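Next up, coords.cif (mmCIF, C-alpha atoms (C1' of nucleotides)):
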data_my_file
loop_
_atom_site.label_atom_id
_atom_site.label_comp_id
_atom_site.auth_asym_id
_atom_site.auth_seq_id
_atom_site.Cartn_x
_atom_site.Cartn_y
_atom_site.Cartn_z
CA MET A 234 26.05 -14.78 17.70
CA GLU A 235 28.86 -12.88 15.99
CA SER A 236 26.44 -11.07 13.69
CA LEU A 237 24.35 -9.83 16.60
CA LYS A 238 27.41 -8.68 18.51
CA ASN A 239 28.52 -6.71 15.46
CA HIS A 240 25.08 -5.23 15.12
CA ILE A 241 25.05 -4.09 18.74
CA ASN A 242 28.51 -2.64 18.19
CA ASN A 243 27.07 -0.37 15.52
CA TYR A 244 25.16 1.43 18.25
CA LEU A 245 27.30 1.10 21.38
CA GLU A 246 30.56 -0.36 22.58
CA ILE A 247 30.14 -3.84 23.98
CA SER A 248 33.04 -5.97 25.22
CA GLU A 249 33.48 -9.68 24.48
CA THR A 250 32.94 -10.37 28.17
CA THR A 251 29.73 -8.40 28.47
CA PHE A 252 28.38 -9.86 25.27
CA SER A 253 29.06 -13.39 26.47
CA GLU A 254 27.09 -12.55 29.63
CA ILE A 255 24.02 -11.50 27.73
CA ALA A 256 24.25 -14.29 25.17
CA ARG A 257 22.23 -16.53 27.49
CA PHE A 258 19.13 -14.44 26.80
CA PHE A 259 19.15 -15.45 23.14
CA SER A 260 18.67 -18.74 21.33
CA TYR A 261 18.94 -20.08 17.80
CA GLN A 262 16.61 -21.53 15.22
CA GLY A 263 17.16 -22.63 11.65
CA LYS A 264 14.72 -23.48 8.86
CA LYS A 265 15.04 -24.79 5.34
CA LYS A 266 13.68 -22.90 2.35
CA LYS A 267 9.86 -22.71 2.40
CA GLU A 268 9.53 -23.87 5.99
CA TYR A 269 7.63 -21.71 8.45
CA PHE A 270 9.19 -20.12 11.51
CA LEU A 271 5.72 -18.98 12.52
CA ARG A 272 2.20 -19.50 11.31
CA GLU A 273 -0.56 -16.91 11.58
CA GLY A 274 -2.67 -17.62 14.67
CA GLU A 275 0.06 -19.25 16.74
CA GLU A 276 1.35 -17.98 20.05
CA PHE A 277 4.60 -16.27 19.36
CA ASN A 278 6.04 -13.56 21.65
CA LYS A 279 9.43 -13.56 20.04
CA MET A 280 11.62 -11.24 18.05
CA PHE A 281 13.94 -12.65 15.40
CA PHE A 282 17.31 -11.33 14.41
CA ILE A 283 18.12 -12.76 10.99
CA GLU A 284 21.63 -14.19 11.06
CA SER A 285 21.62 -15.56 7.55
CA GLY A 286 19.03 -16.10 4.86
CA CYS A 287 15.79 -14.35 4.09
CA VAL A 288 12.17 -14.56 5.25
CA ASN A 289 8.87 -13.04 4.26
CA ILE A 290 6.20 -11.82 6.67
CA SER A 291 2.68 -12.41 5.39
CA PHE A 292 -0.95 -12.92 6.24
CA ILE A 293 -3.94 -14.50 4.53
CA LYS A 294 -6.40 -12.04 3.04
CA ASP A 295 -10.19 -12.43 3.00
CA ASN A 296 -9.99 -13.80 -0.53
CA GLY A 297 -7.65 -16.56 0.68
CA GLN A 298 -4.52 -15.18 -0.91
CA GLU A 299 -1.24 -14.80 0.93
CA GLN A 300 -0.24 -11.16 1.26
CA THR A 301 3.46 -10.48 1.92
CA ILE A 302 3.92 -7.29 3.90
CA ASP A 303 7.65 -7.44 4.41
CA PHE A 304 10.91 -9.21 3.82
CA ALA A 305 13.74 -9.48 6.32
CA ILE A 306 17.33 -10.36 5.61
CA GLU A 307 20.64 -10.55 7.48
CA ASN A 308 20.98 -8.09 10.35
CA TRP A 309 17.35 -7.11 10.57
CA TRP A 310 15.06 -7.67 13.51
CA THR A 311 11.59 -8.87 12.60
CA SER A 312 8.40 -9.96 14.31
CA ASP A 313 4.72 -9.24 14.51
CA PHE A 314 5.42 -6.33 16.82
CA LEU A 315 1.83 -5.50 17.66
CA SER A 316 1.02 -9.00 18.86
CA PHE A 317 4.46 -9.13 20.49
CA SER A 318 3.70 -6.06 22.56
CA LYS A 319 0.22 -7.23 23.49
CA SER A 320 1.10 -10.92 23.90
CA GLU A 321 -1.60 -11.84 21.43
CA LYS A 322 -1.67 -14.55 18.80
CA SER A 323 0.30 -13.68 15.73
CA ARG A 324 -1.48 -12.11 12.79
CA PHE A 325 1.38 -12.95 10.47
CA SER A 326 3.30 -15.94 9.21
CA ILE A 327 7.08 -15.88 8.90
CA ARG A 328 8.54 -18.21 6.32
CA ALA A 329 12.03 -18.93 5.06
CA ILE A 330 12.56 -17.93 1.43
CA GLU A 331 16.03 -19.43 1.58
CA ASP A 332 17.66 -21.64 4.19
CA THR A 333 17.65 -19.26 7.11
CA SER A 334 18.94 -19.08 10.66
CA VAL A 335 17.70 -16.62 13.24
CA ILE A 336 18.59 -15.50 16.74
CA ILE A 337 15.53 -15.50 18.98
CA LEU A 338 14.71 -13.11 21.78
CA THR A 339 11.54 -13.99 23.64
CA LYS A 340 9.41 -11.32 25.26
CA ASP A 341 10.33 -12.62 28.73
CA ALA A 342 14.02 -12.72 27.91
CA LYS A 343 13.83 -9.21 26.48
CA GLU A 344 12.25 -7.83 29.62
CA LYS A 345 14.79 -9.52 31.88
CA LEU A 346 17.66 -8.48 29.65
CA LEU A 347 16.61 -4.84 29.79
CA VAL A 348 16.24 -4.88 33.58
CA GLU A 349 19.58 -6.57 34.18
CA TYR A 350 21.50 -4.77 31.45
CA PRO A 351 19.95 -1.33 31.09
CA PHE A 352 22.55 -0.26 28.53
CA MET A 353 20.69 -2.54 26.13
CA GLU A 354 17.84 -0.02 26.20
CA THR A 355 20.07 2.17 24.09
CA TYR A 356 20.51 -0.57 21.54
CA PHE A 357 16.84 -1.34 21.23
CA ARG A 358 15.88 2.33 21.27
CA ALA A 359 18.18 2.82 18.30
CA VAL A 360 16.89 -0.30 16.53
CA PHE A 361 13.25 0.68 16.92
CA GLU A 362 13.92 4.33 16.10
CA LYS A 363 15.56 3.30 12.86
CA ALA A 364 12.86 0.76 12.07
CA TYR A 365 10.15 3.34 12.66
CA ALA A 366 11.90 5.88 10.43
CA ALA A 367 12.18 3.26 7.68
CA SER A 368 8.54 2.35 8.11
CA GLN A 369 7.45 5.98 7.88
CA ASN A 370 9.46 6.28 4.70
CA ARG A 371 7.86 3.16 3.31
CA ILE A 372 4.42 4.55 3.99
CA LYS A 373 5.45 7.67 2.10
CA LEU A 374 6.47 5.55 -0.88
CA LEU A 375 3.19 3.64 -0.79
CA TYR A 376 1.39 6.94 -1.28
CA GLU A 377 3.89 8.48 -3.64
CA LEU A 378 4.48 5.84 -6.27
CA SER A 379 2.23 4.12 -8.74
CA ARG A 380 2.52 0.34 -8.68
CA GLU A 381 4.67 0.47 -11.76
CA GLU A 382 6.97 3.10 -10.23
CA ALA A 383 7.09 1.07 -7.03
CA TYR A 384 8.49 -1.86 -8.97
CA PHE A 385 11.24 0.22 -10.56
CA HIS A 386 12.06 1.79 -7.22
CA PHE A 387 12.30 -1.60 -5.58
CA ARG A 388 14.37 -3.04 -8.40
CA ASP A 389 16.80 -0.13 -8.32
CA ASN A 390 17.09 0.17 -4.55
CA PHE A 391 17.04 -3.47 -3.53
CA PRO A 392 18.60 -5.33 -6.46
CA GLU A 393 19.66 -8.27 -4.29
CA PHE A 394 16.02 -9.06 -3.59
CA ILE A 395 15.27 -9.35 -7.29
CA GLN A 396 17.85 -12.12 -7.31
CA ARG A 397 16.85 -13.84 -4.10
CA VAL A 398 13.07 -13.57 -4.04
CA PRO A 399 10.59 -15.16 -6.48
CA GLN A 400 8.59 -12.75 -8.61
CA TYR A 401 5.22 -13.64 -7.17
CA LEU A 402 6.41 -12.64 -3.70
CA ILE A 403 7.80 -9.37 -5.02
CA ALA A 404 4.46 -8.68 -6.72
CA SER A 405 2.63 -9.43 -3.47
CA PHE A 406 4.97 -7.20 -1.46
CA LEU A 407 4.51 -4.37 -3.97
CA GLY A 408 0.75 -4.76 -3.70
CA PHE A 409 -0.22 -6.11 -7.10
CA THR A 410 -0.65 -9.35 -9.02
CA PRO A 411 2.07 -11.50 -10.60
CA GLU A 412 0.33 -10.97 -13.94
CA TYR A 413 0.69 -7.24 -13.70
CA LEU A 414 4.35 -7.52 -12.74
CA SER A 415 4.84 -9.64 -15.80
CA GLU A 416 3.28 -6.91 -17.91
CA ILE A 417 5.50 -4.20 -16.39
CA ARG A 418 8.58 -6.29 -17.04
CA LYS A 419 7.58 -6.93 -20.61
CA LYS A 420 7.16 -3.22 -21.27
CA SER A 421 10.43 -2.25 -19.58
CA ILE A 422 12.61 -4.91 -21.16
CA SER A 423 11.65 -4.14 -24.75
CA MET B 110 4.79 20.03 30.39
CA GLU B 111 2.24 18.16 32.47
CA SER B 112 1.10 16.07 29.52
CA LEU B 113 4.63 14.92 28.73
CA LYS B 114 5.30 14.05 32.36
CA ASN B 115 2.16 11.94 32.40
CA HIS B 116 3.19 10.28 29.18
CA ILE B 117 6.60 9.38 30.57
CA ASN B 118 4.86 8.06 33.67
CA ASN B 119 3.03 5.54 31.50
CA TYR B 120 6.34 3.84 30.86
CA LEU B 121 8.42 4.47 33.97
CA GLU B 122 8.27 6.19 37.35
CA ILE B 123 9.58 9.71 37.24
CA SER B 124 9.55 12.04 40.24
CA GLU B 125 8.53 15.72 40.12
CA THR B 126 12.12 16.63 40.92
CA THR B 127 13.67 14.54 38.21
CA PHE B 128 11.16 15.72 35.68
CA SER B 129 11.86 19.34 36.50
CA GLU B 130 15.56 18.62 35.92
CA ILE B 131 15.00 17.31 32.43
CA ALA B 132 12.42 19.94 31.50
CA ARG B 133 15.23 22.23 30.34
CA PHE B 134 15.83 19.96 27.34
CA PHE B 135 12.39 20.72 25.95
CA SER B 136 10.75 23.84 24.60
CA TYR B 137 7.31 24.94 23.45
CA GLN B 138 5.73 26.12 20.24
CA GLY B 139 2.16 27.00 19.36
CA LYS B 140 0.43 27.54 16.01
CA LYS B 141 -3.02 28.62 14.92
CA LYS B 142 -5.19 26.50 12.68
CA LYS B 143 -3.71 26.12 9.16
CA GLU B 144 -0.31 27.51 10.11
CA TYR B 145 2.76 25.42 9.40
CA PHE B 146 5.10 24.10 12.08
CA LEU B 147 7.37 22.89 9.32
CA ARG B 148 7.54 23.17 5.57
CA GLU B 149 8.95 20.49 3.30
CA GLY B 150 12.55 21.28 2.43
CA GLU B 151 13.39 23.18 5.61
CA GLU B 152 16.04 22.20 8.11
CA PHE B 153 14.25 20.59 11.01
CA ASN B 154 15.97 18.12 13.35
CA LYS B 155 13.19 18.17 15.92
CA MET B 156 10.65 15.82 17.37
CA PHE B 157 7.27 17.16 18.44
CA PHE B 158 5.15 15.92 21.30
CA ILE B 159 1.62 17.17 20.70
CA GLU B 160 0.32 18.76 23.87
CA SER B 161 -2.99 19.90 22.47
CA GLY B 162 -4.54 20.12 19.03
CA CYS B 163 -3.98 18.18 15.87
CA VAL B 164 -1.57 18.30 12.93
CA ASN B 165 -1.19 16.57 9.62
CA ILE B 166 2.09 15.38 8.10
CA SER B 167 2.19 15.72 4.34
CA PHE B 168 4.30 16.10 1.23
CA ILE B 169 3.75 17.44 -2.27
CA LYS B 170 3.39 14.77 -4.93
CA ASP B 171 4.74 14.98 -8.49
CA ASN B 172 1.33 16.13 -9.69
CA GLY B 173 1.46 19.04 -7.25
CA GLN B 174 -1.14 17.72 -4.84
CA GLU B 175 -0.62 17.62 -1.11
CA GLN B 176 -0.52 14.05 0.19
CA THR B 177 -1.23 13.59 3.91
CA ILE B 178 0.58 10.57 5.28
CA ASP B 179 -0.34 10.93 8.93
CA PHE B 180 -2.18 12.81 11.60
CA ALA B 181 -0.93 13.36 15.12
CA ILE B 182 -2.97 14.38 18.15
CA GLU B 183 -2.47 14.84 21.86
CA ASN B 184 0.18 12.62 23.43
CA TRP B 185 1.78 11.45 20.21
CA TRP B 186 5.31 12.10 19.11
CA THR B 187 5.73 13.08 15.49
CA SER B 188 8.45 14.14 13.10
CA ASP B 189 10.04 13.28 9.80
CA PHE B 190 12.04 10.55 11.50
CA LEU B 191 14.19 9.61 8.54
CA SER B 192 15.45 13.15 7.99
CA PHE B 193 15.67 13.55 11.77
CA SER B 194 18.02 10.59 12.05
CA LYS B 195 20.12 11.65 9.07
CA SER B 196 19.99 15.40 9.79
CA GLU B 197 18.68 16.03 6.31
CA LYS B 198 16.15 18.56 5.10
CA SER B 199 12.61 17.57 5.86
CA ARG B 200 10.63 15.71 3.23
CA PHE B 201 7.35 16.55 4.95
CA SER B 202 5.34 19.52 6.07
CA ILE B 203 3.65 19.61 9.46
CA ARG B 204 0.61 21.84 9.71
CA ALA B 205 -1.89 22.64 12.42
CA ILE B 206 -5.41 21.41 11.66
CA GLU B 207 -6.64 23.08 14.83
CA ASP B 208 -4.92 25.55 17.14
CA THR B 209 -2.09 23.36 18.38
CA SER B 210 0.73 23.48 20.89
CA VAL B 211 3.69 21.14 20.86
CA ILE B 212 6.65 20.31 23.06
CA ILE B 213 9.87 20.32 21.06
CA LEU B 214 12.88 18.08 21.50
CA THR B 215 15.74 18.93 19.16
CA LYS B 216 18.15 16.29 17.96
CA ASP B 217 20.96 17.86 20.00
CA ALA B 218 18.83 18.08 23.12
CA LYS B 219 17.72 14.48 22.67
CA GLU B 220 21.28 13.24 22.45
CA LYS B 221 22.35 15.18 25.51
CA LEU B 222 19.27 14.14 27.44
CA LEU B 223 19.94 10.46 26.76
CA VAL B 224 23.59 10.75 27.81
CA GLU B 225 22.83 12.62 31.01
CA TYR B 226 19.65 10.75 31.91
CA PRO B 227 20.06 7.22 30.58
CA PHE B 228 16.76 6.10 32.12
CA MET B 229 15.13 8.12 29.34
CA GLU B 230 16.40 5.49 26.90
CA THR B 231 13.71 3.25 28.35
CA TYR B 232 11.05 5.83 27.63
CA PHE B 233 12.09 6.41 24.04
CA ARG B 234 12.68 2.72 23.43
CA ALA B 235 9.08 2.13 24.50
CA VAL B 236 7.78 5.07 22.45
CA PHE B 237 9.54 3.94 19.28
CA GLU B 238 8.70 0.29 19.84
CA LYS B 239 5.04 1.17 20.09
CA ALA B 240 5.20 3.52 17.12
CA TYR B 241 6.86 0.87 15.01
CA ALA B 242 4.28 -1.72 15.98
CA ALA B 243 1.49 0.70 15.05
CA SER B 244 3.20 1.47 11.77
CA GLN B 245 3.56 -2.22 10.93
CA ASN B 246 -0.12 -2.64 11.64
CA ARG B 247 -0.96 0.31 9.44
CA ILE B 248 1.01 -1.20 6.57
CA LYS B 249 -0.98 -4.39 7.05
CA LEU B 250 -4.22 -2.44 6.78
CA LEU B 251 -3.02 -0.67 3.64
CA TYR B 252 -2.66 -4.09 2.01
CA GLU B 253 -5.70 -5.69 3.58
CA LEU B 254 -8.48 -3.22 3.02
CA SER B 255 -10.04 -1.80 -0.11
CA ARG B 256 -10.24 1.97 -0.10
CA GLU B 257 -13.90 1.75 0.83
CA GLU B 258 -13.20 -0.63 3.71
CA ALA B 259 -10.33 1.62 4.81
CA TYR B 260 -12.79 4.47 5.20
CA PHE B 261 -15.19 2.44 7.32
CA HIS B 262 -12.32 1.13 9.41
CA PHE B 263 -11.05 4.65 9.99
CA ARG B 264 -14.49 5.99 10.78
CA ASP B 265 -15.18 3.20 13.27
CA ASN B 266 -11.77 3.18 14.94
CA PHE B 267 -10.98 6.89 15.02
CA PRO B 268 -14.35 8.60 15.26
CA GLU B 269 -12.86 11.73 16.83
CA PHE B 270 -10.91 12.40 13.62
CA ILE B 271 -14.09 12.38 11.58
CA GLN B 272 -15.19 15.26 13.79
CA ARG B 273 -11.93 17.16 13.89
CA VAL B 274 -10.46 16.72 10.41
CA PRO B 275 -11.93 18.00 7.11
CA GLN B 276 -13.02 15.35 4.65
CA TYR B 277 -10.50 16.19 1.98
CA LEU B 278 -7.66 15.50 4.42
CA ILE B 279 -9.21 12.20 5.46
CA ALA B 280 -9.52 11.24 1.79
CA SER B 281 -5.88 12.12 1.23
CA PHE B 282 -4.78 10.15 4.30
CA LEU B 283 -6.78 7.13 3.16
CA GLY B 284 -5.16 7.37 -0.26
CA PHE B 285 -8.02 8.45 -2.50
CA THR B 286 -9.79 11.52 -3.84
CA PRO B 287 -12.37 13.66 -2.02
CA GLU B 288 -14.81 12.84 -4.84
CA TYR B 289 -14.52 9.15 -4.18
CA LEU B 290 -14.98 9.64 -0.43
CA SER B 291 -18.12 11.58 -1.22
CA GLU B 292 -19.37 8.65 -3.28
CA ILE B 293 -18.67 6.15 -0.48
CA ARG B 294 -20.49 8.33 2.01
CA LYS B 295 -23.49 8.70 -0.28
CA LYS B 296 -23.75 4.93 -0.64
CA SER B 297 -23.34 4.21 3.06
CA ILE B 298 -25.75 6.86 4.32
CA SER B 299 -28.66 5.78 2.14
"C1'" DC C 261 -24.07 39.01 3.96
"C1'" DG C 262 -20.69 38.02 0.42
"C1'" DA C 263 -16.41 35.49 -0.40
"C1'" DT C 264 -13.95 31.61 -0.03
"C1'" DT C 265 -13.42 26.85 1.06
"C1'" DT C 266 -15.25 22.33 1.16
"C1'" DT C 267 -18.27 18.78 -0.48
"C1'" DT C 268 -21.15 16.67 -3.95
"C1'" DT C 269 -22.56 15.16 -8.75
"C1'" DG C 270 -22.03 12.94 -13.10
"C1'" DA C 271 -19.52 11.49 -17.36
"C1'" DA C 272 -15.46 9.81 -19.43
"C1'" DT C 273 -11.25 7.43 -18.71
"C1'" DC C 274 -7.44 4.76 -16.77
"C1'" DA C 275 -4.76 1.57 -13.91
"C1'" DT C 276 -4.91 -2.71 -12.26
"C1'" DA C 277 -7.53 -7.14 -11.26
"C1'" DT C 278 -9.44 -11.45 -12.69
"C1'" DC C 279 -9.65 -15.63 -15.13
"C1'" DA C 280 -8.18 -19.13 -18.06
"C1'" DA C 281 -4.81 -21.03 -20.78
"C1'" DC C 282 -0.28 -21.82 -22.16
"C1'" DG C 283 4.93 -21.92 -21.74
"C1'" DT C 284 9.00 -22.56 -18.96
"C1'" DA C 285 12.05 -23.99 -15.39
"C1'" DC C 286 13.45 -26.34 -11.69
"C1'" DG C 287 13.91 -29.95 -7.93
"C1'" DT C 288 13.34 -34.63 -6.73
"C1'" DG C 289 13.15 -39.57 -7.17
"C1'" DG C 290 14.46 -43.17 -9.89
"C1'" DC D 197 22.05 -37.47 -14.38
"C1'" DC D 198 17.73 -37.65 -16.80
"C1'" DA D 199 12.70 -37.27 -16.93
"C1'" DC D 200 8.83 -36.09 -15.10
"C1'" DG D 201 5.71 -33.37 -12.31
"C1'" DT D 202 4.72 -29.37 -9.94
"C1'" DA D 203 5.58 -24.63 -9.25
"C1'" DC D 204 6.32 -20.37 -11.46
"C1'" DG D 205 5.87 -16.94 -15.15
"C1'" DT D 206 3.53 -15.01 -19.27
"C1'" DT D 207 -0.28 -13.77 -22.40
"C1'" DG D 208 -4.62 -11.85 -23.83
"C1'" DA D 209 -9.60 -10.81 -23.09
"C1'" DT D 210 -12.70 -8.82 -20.12
"C1'" DA D 211 -14.14 -6.53 -15.87
"C1'" DT D 212 -13.95 -3.06 -12.14
"C1'" DG D 213 -12.63 0.30 -8.65
"C1'" DA D 214 -10.96 4.60 -8.54
"C1'" DT D 215 -9.45 8.94 -10.96
"C1'" DT D 216 -10.06 13.12 -13.55
"C1'" DC D 217 -12.35 17.16 -14.81
"C1'" DA D 218 -15.85 20.57 -14.72
"C1'" DA D 219 -19.44 22.42 -12.45
"C1'" DA D 220 -23.03 22.99 -8.93
"C1'" DA D 221 -24.33 22.91 -4.11
"C1'" DA D 222 -23.39 23.46 0.65
"C1'" DA D 223 -20.84 24.96 4.55
"C1'" DT D 224 -17.82 28.11 6.90
"C1'" DC D 225 -15.55 32.45 7.87
"C1'" DG D 226 -14.66 37.29 8.24
#

Can the structure from this file be put into structure tokens for me?
Amino acid sequence: MESLKNHINNYLEISETTFSEIARFFSYQGKKKKEYFLREGEEFNKMFFIESGCVNISFIKDNGQEQTIDFAIENWWTSDFLSFSKSEKSRFSIRAIEDTSVIILTKDAKEKLLVEYPFMETYFRAVFEKAYAASQNRIKLLYELSREEAYFHFRDNFPEFIQRVPQYLIASFLGFTPEYLSEIRKKSIS
Amino acid sequence: MESLKNHINNYLEISETTFSEIARFFSYQGKKKKEYFLREGEEFNKMFFIESGCVNISFIKDNGQEQTIDFAIENWWTSDFLSFSKSEKSRFSIRAIEDTSVIILTKDAKEKLLVEYPFMETYFRAVFEKAYAASQNRIKLLYELSREEAYFHFRDNFPEFIQRVPQYLIASFLGFTPEYLSEIRKKSIS
DNA sequence: CGATTTTTTGAATCATATCAACGTACGTGG
DNA sequence: CCACGTACGTTGATATGATTCAAAAAATCG
């Protein structure tokens, strides 16, 4: 839980003792590369804090293809937050791209945690505020950039993903086909 | 401030007395239709709670066109949250689509409010959590729907906007040209 | 009512998708 | 540790959804 404690410490001071008290609200799960943490349509009601590894969040489109909407790596919280808040079945799958271990906070545990340790409201307020700001920025980029520009932006701003994530998932995340990504790369290499 | 008090009451119990204590952290601003609350590039560091009316959030693209990325109406918080969190110049403009009045919370006031009245962390945690969930859902829709489907989805799910917002802004928000929206409408009416 | 803003039309063009086929690489069992 | 099979990446031809531009028509505002 070291990584989570450090993450909380970015936003507020938390002592060893206090952290060990709240540790009981969390649990662990690990998956090998390509295994699913969650499949679309399942009951879920959890948030994941990625301790190590990398996952993609995706859904199946009408045409049967898997659409990746997000990646999450170390020190990011991820979930299907709409179904989390409404306690509905998940609309997304979450799948390990590498061997991955996560810290789980269930909806119940979260609610109890926040009642018993109100200072954790500050932490989650900050986490969600930051996530929302990032999401608003991402929406801006979706409008601003052509698909080709989006690839260059992604490559330049998140180089580690280019290493860690297969091309067809990057293409999906960027909203185009693997074939088109191939074409962009061909042009830009030569 | 009645509308804000009611909004807070959706998430936690707040007494008249307590609310009147925190009211000093907020201020008001009103604008007529088509006036700007904020122009891209200005210092901002505020969050707006829309009390009445409707605004659009937009930026100028490379080609010089105004790109609307969001609307906000009564009882929604809005801002450029990335520049808000980093205290940078705004990357967006905010403009009244109708005569609009907003409740302002500056970054300074927000920080003081949260220190002095920690229960407000719960309110903002809930606000940002909900906003992030909605944003994640919107990103899903951006991937899931064709532009034509996006229009029908918007029309069916937010009918009041079709009334209140001119077509060229809806087209911009949905990510296509007014001409194309016109074409979709022609097809679907006949 | 005239002036301006918004919406519609149609033709030409462009960015990206689709499909099918081929090349490459990588992991898994023998 | 090699070989094979499956998964991934590339190529080229064709198709399509959406844009651009210019102009006309309709709606709104002072």

Test item: chain D residues at most 9 Å from chain A, counting only C-alpha atoms (C1' of nucleotides), as JSON, numbers by chain: {"D": [204, 205, 206, 207]}

In Å to one decimal, how far is CA of Phe325 (chain A) from CA of Ile293 (chain A)?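 One can read the CA of Ile293 (chain A) to CA of Phe325 (chain A) distance as 8.1 Å.
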
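Within 8 Å of chain B, and counting only C-alpha atoms, chain A contributes Lys294, Gln300, Ile302, Asp313, Phe314, Leu315, Ser318, Glu354, Thr355, Phe357, Arg358, Ala359, Phe361, Glu362, Lys363, Ala364, Tyr365, Ala366, Ala367, Ser368, Gln369, Asn370, Ile372, Lys373, Tyr376, Glu377 and Gly408 of chain A.
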
Enumerate, as a compact mmCIF listing (two decimals) with C-alpha atoms (C1' of nucleotides), in the frame of the given file, the residues matched when the PyMOL selection byres ((chain C) within 12 of (chain B)) is run on the file above.
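Here's the written file out19.txt:
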# COMPACT_ATOMS: atom_id res chain seq x y z
C1' DT C 265 -13.42 26.85 1.06
C1' DT C 266 -15.25 22.33 1.16
C1' DT C 267 -18.27 18.78 -0.48
C1' DT C 268 -21.15 16.67 -3.95
C1' DT C 269 -22.56 15.16 -8.75
C1' DG C 270 -22.03 12.94 -13.10

Quick one: distance from CA of Ile255 (chain A) to CA of Tyr350 (chain A) in Å, one decimal? 8.1 Å

Give me the residues of chain C that have any atom at most 12 Å from an atom of region 199-203 of chain D; for each, the nearest atom pair and the distance in Å, rounded to one decimal. Use only C-alpha atoms (C1' of nucleotides), sort by chain and number, and format it as CSV.
residue,atom,partner,partner_atom,distance
C:DT284,C1',D:DA203,C1',10.5
C:DA285,C1',D:DA203,C1',8.9
C:DC286,C1',D:DA203,C1',8.4
C:DG287,C1',D:DT202,C1',9.4
C:DT288,C1',D:DG201,C1',9.5
C:DG289,C1',D:DC200,C1',9.7
C:DG290,C1',D:DA199,C1',9.4

Next, write the just-selected residues to a file, as an mmCIF file, in the coordinates of the input, keeping C-alpha atoms (C1' of nucleotides) as the atom set.
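Final output, result_2.cif:
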data_model
loop_
_atom_site.group_PDB
_atom_site.id
_atom_site.type_symbol
_atom_site.label_atom_id
_atom_site.label_comp_id
_atom_site.auth_asym_id
_atom_site.auth_seq_id
_atom_site.Cartn_x
_atom_site.Cartn_y
_atom_site.Cartn_z
ATOM 1 C "C1'" DT C 284 9.000 -22.560 -18.960
ATOM 2 C "C1'" DA C 285 12.050 -23.990 -15.390
ATOM 3 C "C1'" DC C 286 13.450 -26.340 -11.690
ATOM 4 C "C1'" DG C 287 13.910 -29.950 -7.930
ATOM 5 C "C1'" DT C 288 13.340 -34.630 -6.730
ATOM 6 C "C1'" DG C 289 13.150 -39.570 -7.170
ATOM 7 C "C1'" DG C 290 14.460 -43.170 -9.890
#

When the PyMOL selection byres ((chain A and resi 338) around 7) is applied to the file above, which residues end up in the set, as a VMD selection string? chain A and resid 258 to 260 279 to 281 336 to 337 339 to 340 342 to 343

Using only C-alpha atoms (C1' of nucleotides), which protein or nucleic acid residues come within 8 Å of Phe158 (chain B)? Drop anything in the same chain fewer than 5 positions from it, and give the result as JSON, numbers by chain. {"B": [113, 183, 184, 185, 186, 187, 211, 212, 213]}

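Relative to CA of Phe270 (chain B), CA of Val164 (chain B) is found at 11.1 Å.
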
I would like the residues chosen by the PyMOL selection byres ((chain B and resi 142) around 6) on the shown file; could you give them as a ChimeraX atom specification? /B:141,143-144,205-208

Have a look at B:Ser161, B:Gln174, B:Ser124, B:Asn154 and name the one nearest to Ser199 (chain B); count only C-alpha atoms. B:Asn154

Determine, for each residue of chain D having at least one atom at most 10 Å from an atom of region 275-283 of chain C, the closest pair of atoms and their separation in Å to one decimal, counting only C-alpha atoms (C1' of nucleotides); order by chain and ascending number, as a Markdown table.
| residue | atom | partner | partner_atom | distance |
| --- | --- | --- | --- | --- |
| D:DG205 | C1' | C:DG283 | C1' | 8.3 |
| D:DT206 | C1' | C:DG283 | C1' | 7.5 |
| D:DT207 | C1' | C:DC282 | C1' | 8.1 |
| D:DG208 | C1' | C:DA281 | C1' | 9.7 |
| D:DA209 | C1' | C:DC279 | C1' | 9.3 |
| D:DT210 | C1' | C:DT278 | C1' | 8.5 |
| D:DA211 | C1' | C:DT278 | C1' | 7.5 |
| D:DT212 | C1' | C:DA277 | C1' | 7.7 |
| D:DG213 | C1' | C:DT276 | C1' | 9.0 |
| D:DA214 | C1' | C:DA275 | C1' | 8.7 |
| D:DT215 | C1' | C:DA275 | C1' | 9.2 |

Write a file of the just-selected residues containing C-alpha atoms (C1' of nucleotides), as an mmCIF file, keeping the file's coordinate frame.
data_model
loop_
_atom_site.group_PDB
_atom_site.id
_atom_site.type_symbol
_atom_site.label_atom_id
_atom_site.label_comp_id
_atom_site.auth_asym_id
_atom_site.auth_seq_id
_atom_site.Cartn_x
_atom_site.Cartn_y
_atom_site.Cartn_z
ATOM 1 C "C1'" DG D 205 5.870 -16.940 -15.150
ATOM 2 C "C1'" DT D 206 3.530 -15.010 -19.270
ATOM 3 C "C1'" DT D 207 -0.280 -13.770 -22.400
ATOM 4 C "C1'" DG D 208 -4.620 -11.850 -23.830
ATOM 5 C "C1'" DA D 209 -9.600 -10.810 -23.090
ATOM 6 C "C1'" DT D 210 -12.700 -8.820 -20.120
ATOM 7 C "C1'" DA D 211 -14.140 -6.530 -15.870
ATOM 8 C "C1'" DT D 212 -13.950 -3.060 -12.140
ATOM 9 C "C1'" DG D 213 -12.630 0.300 -8.650
ATOM 10 C "C1'" DA D 214 -10.960 4.600 -8.540
ATOM 11 C "C1'" DT D 215 -9.450 8.940 -10.960
#

Please determine the residues with any atom at most 10 Å from (-17.6, 11.3, -17.1) (coordinates as given in the file, with all atoms listed in the file counting) and report them as JSON, numbers by chain. {"C": [270, 271, 272, 273], "D": [216, 217, 218]}
